[in-house]
Amino acid sequence: MSAQPWRRLPALFSLVVLAAIVLLSAFASVLYPAGPWPNVGDPLIEPFTSRFAPLGTDTLGRDVAAELVHGARVSLVVGIVATAAALLIGVSIGAVAGYARGWIDDVLMRFTELFQAVPSFILLIVLVVLLGPSIVTIIIGIAVVSWPPIARLVRGEFLSLSTREFVQSCRVIGVPPIRIIFFEILPNCVAPIIVTGSIMVASAILLEAGLSFLGLGDPNVISWGAMVAVGRPLLRSATYLSVIPGMAILLTVLSINLFGEALNEALSGQKRR
């Protein structure tokens with residue numbers, strides 16, 4: 001019993017960090033109504049040396065704190081929306097493949113393997129280059145490269161659950177397949193989908209940061225990956241330019257992963273009970 005509170009610390013840490021990031025992104029326009037673009041002072045002011053720029057300024061004299069807060073909004077929007085789109089695609093394909101089986105399952109799984117044959121980040125770069133760098137195309141690209149694992153997960157759940165008695169009973173009494181899929185089987189797959197989805201949000205944030213670091217992000221918005229890229233040539237003289245957004249990415253991804261693990265333990269415990 002004494003060890004139980006210690007096991008909750010990672011979950012509490014993740015909740016506190018995620019709540020802070022969500023609040024900062026939600027009130028970014030209130031905290032910094034002028035946005036992250038205006039110059040607020042001389043270039044390369046060190047952190048904690050100016051009350052007008054508490055985290056310092058970048059090479060153009062822009063407030064690093066304003067960039068960080070507005071960048072949090074970009075990262076969260078990309079992570080959540082891209083994950084939602086990937087879940088929609090993956091759950092639909094996996095549900096149909098697992099329920100129908102036979103040649104439909106074979107065709108859908110071979111289609112899924114086509115996307116898994118190419119490294120996801122390489123495919124994402126190709127898609128963004130072809131479609132043009134923007135928030136919309138980045139979200140579409142991340143969704144396209146992220147759905148295969150969830151499709152395989154849902155397919156496996158459906159293959160297992162479709163042989164249960166309650167599903168067979170629905171088939172015997174003539175319940176339409178669409179209703180069986182979405183109202184009988186899918187609700188029993190919610191737990192692993194939610195856990196996997198939380199981890200996919202972290203992966204989407206990393207993918208967007210990687211694109212921005214390579215100069216393939218949306219040039220009309222500030223993102224954490226772009227901030228790291230701006231500070232890369234000045235790692236020795238102005239280390240904070242890369243360290244501050246890098247720590248933001250690290251804390252966000254770590255918190256989401258810890259939250260996913262805690263959620264998995266909680267849902268697994270309910271399932272056992």
# chains A, B, ... in the order shown; residues from 1 in each chain; ligands from 1
call {"tool": "residues_around", "arguments": {"residues": "Arg51 of chain A", "least_positions_apart": "5", "cutoff": "12 Å", "atoms": "only C-alpha atoms", "output": "MDAnalysis selection string"}}
result
chainID A and resid 40:41 45:46 56:57 63 65
call {"tool": "select_by_dssp", "arguments": {"residues": "segment 8-212 of chain A", "states": "helix (DSSP H, G or I)", "output": "MDAnalysis selection string"}}
result
chainID A and resid 8:26 28:31 64:100 102:116 120:131 135:161 165:172 177:212
call {"tool": "closest_residue", "arguments": {"among": "A:Pro187, A:Gly156, A:Gly79, A:Gly141", "to": "Arg101 of chain A", "atoms": "only C-alpha atoms"}}
result
A:Gly156
call {"tool": "residues_around", "arguments": {"residues": "Leu76 of chain A", "least_positions_apart": "5", "cutoff": "10 Å", "atoms": "only C-alpha atoms", "output": "PDB file with C-alpha atoms, in the first residue's frame"}}
result
ATOM      1  CA  ILE A  21       0.408  23.448 -21.782  1.00  0.00           C
ATOM      2  CA  VAL A  22      -3.281  23.381 -22.699  1.00  0.00           C
ATOM      3  CA  SER A  25      -2.069  27.508 -25.652  1.00  0.00           C
ATOM      4  CA  GLY A  71       4.004  27.287 -30.703  1.00  0.00           C
ATOM      5  CA  VAL A  81      -6.428  16.825 -35.247  1.00  0.00           C
ATOM      6  CA  ALA A  82      -3.953  14.567 -37.069  1.00  0.00           C
ATOM      7  CA  VAL A 201      -0.677  12.454 -30.293  1.00  0.00           C
ATOM      8  CA  ALA A 202       2.893  12.490 -28.961  1.00  0.00           C
ATOM      9  CA  ALA A 204       2.316  13.547 -34.264  1.00  0.00           C
ATOM     10  CA  ILE A 205       3.875  16.380 -32.249  1.00  0.00           C
ATOM     11  CA  THR A 252       5.034  17.466 -23.715  1.00  0.00           C
TER      12      THR A 252
END
call {"tool": "residues_around", "arguments": {"residues": "Phe13 of chain A", "least_positions_apart": "3", "cutoff": "12 Å", "atoms": "only C-alpha atoms", "output": "PyMOL selection string"}}
result
chain A and resi 6-10+16-20+251-252+254-259+262
call {"tool": "closest_residue", "arguments": {"among": "A:Ala86, A:Ala95, A:Ala66, A:Leu206", "to": "Leu161 of chain A", "atoms": "only C-alpha atoms"}}
result
A:Ala95
call {"tool": "residues_around", "arguments": {"residues": "Thr59 of chain A", "least_positions_apart": "4", "cutoff": "9 Å", "atoms": "only C-alpha atoms", "output": "list in words"}}
result
Asp42, Pro43, Leu44, Ile45, Val230, Gly231 and Leu241 of chain A
call {"tool": "closest_residue", "arguments": {"among": "A:Ala151, A:Val129, A:Ile173, A:Ala97", "to": "Leu214 of chain A", "atoms": "only C-alpha atoms"}}
result
A:Val129
call {"tool": "closest_residue", "arguments": {"among": "A:Ala248, A:Leu235, A:Ile181, A:Ile222", "to": "Gly98 of chain A", "atoms": "only C-alpha atoms"}}
result
A:Ile181
call {"tool": "atom_distance", "arguments": {"atom1": "atom CA of Ile249 of chain A", "atom2": "atom CA of Ala209 of chain A"}}
result
8.1 Å
call {"tool": "closest_residue", "arguments": {"among": "A:Ile142, A:Leu153, A:Ala34, A:Val107", "to": "Gly210 of chain A", "atoms": "only C-alpha atoms"}}
result
A:Ile142
call {"tool": "closest_residue", "arguments": {"among": "A:Leu216, A:Val154, A:Val228, A:Leu124", "to": "Ile93 of chain A", "atoms": "only C-alpha atoms"}}
result
A:Val154
call {"tool": "atom_distance", "arguments": {"atom1": "atom CA of Ile185 of chain A", "atom2": "atom CA of Arg152 of chain A"}}
result
15.4 Å
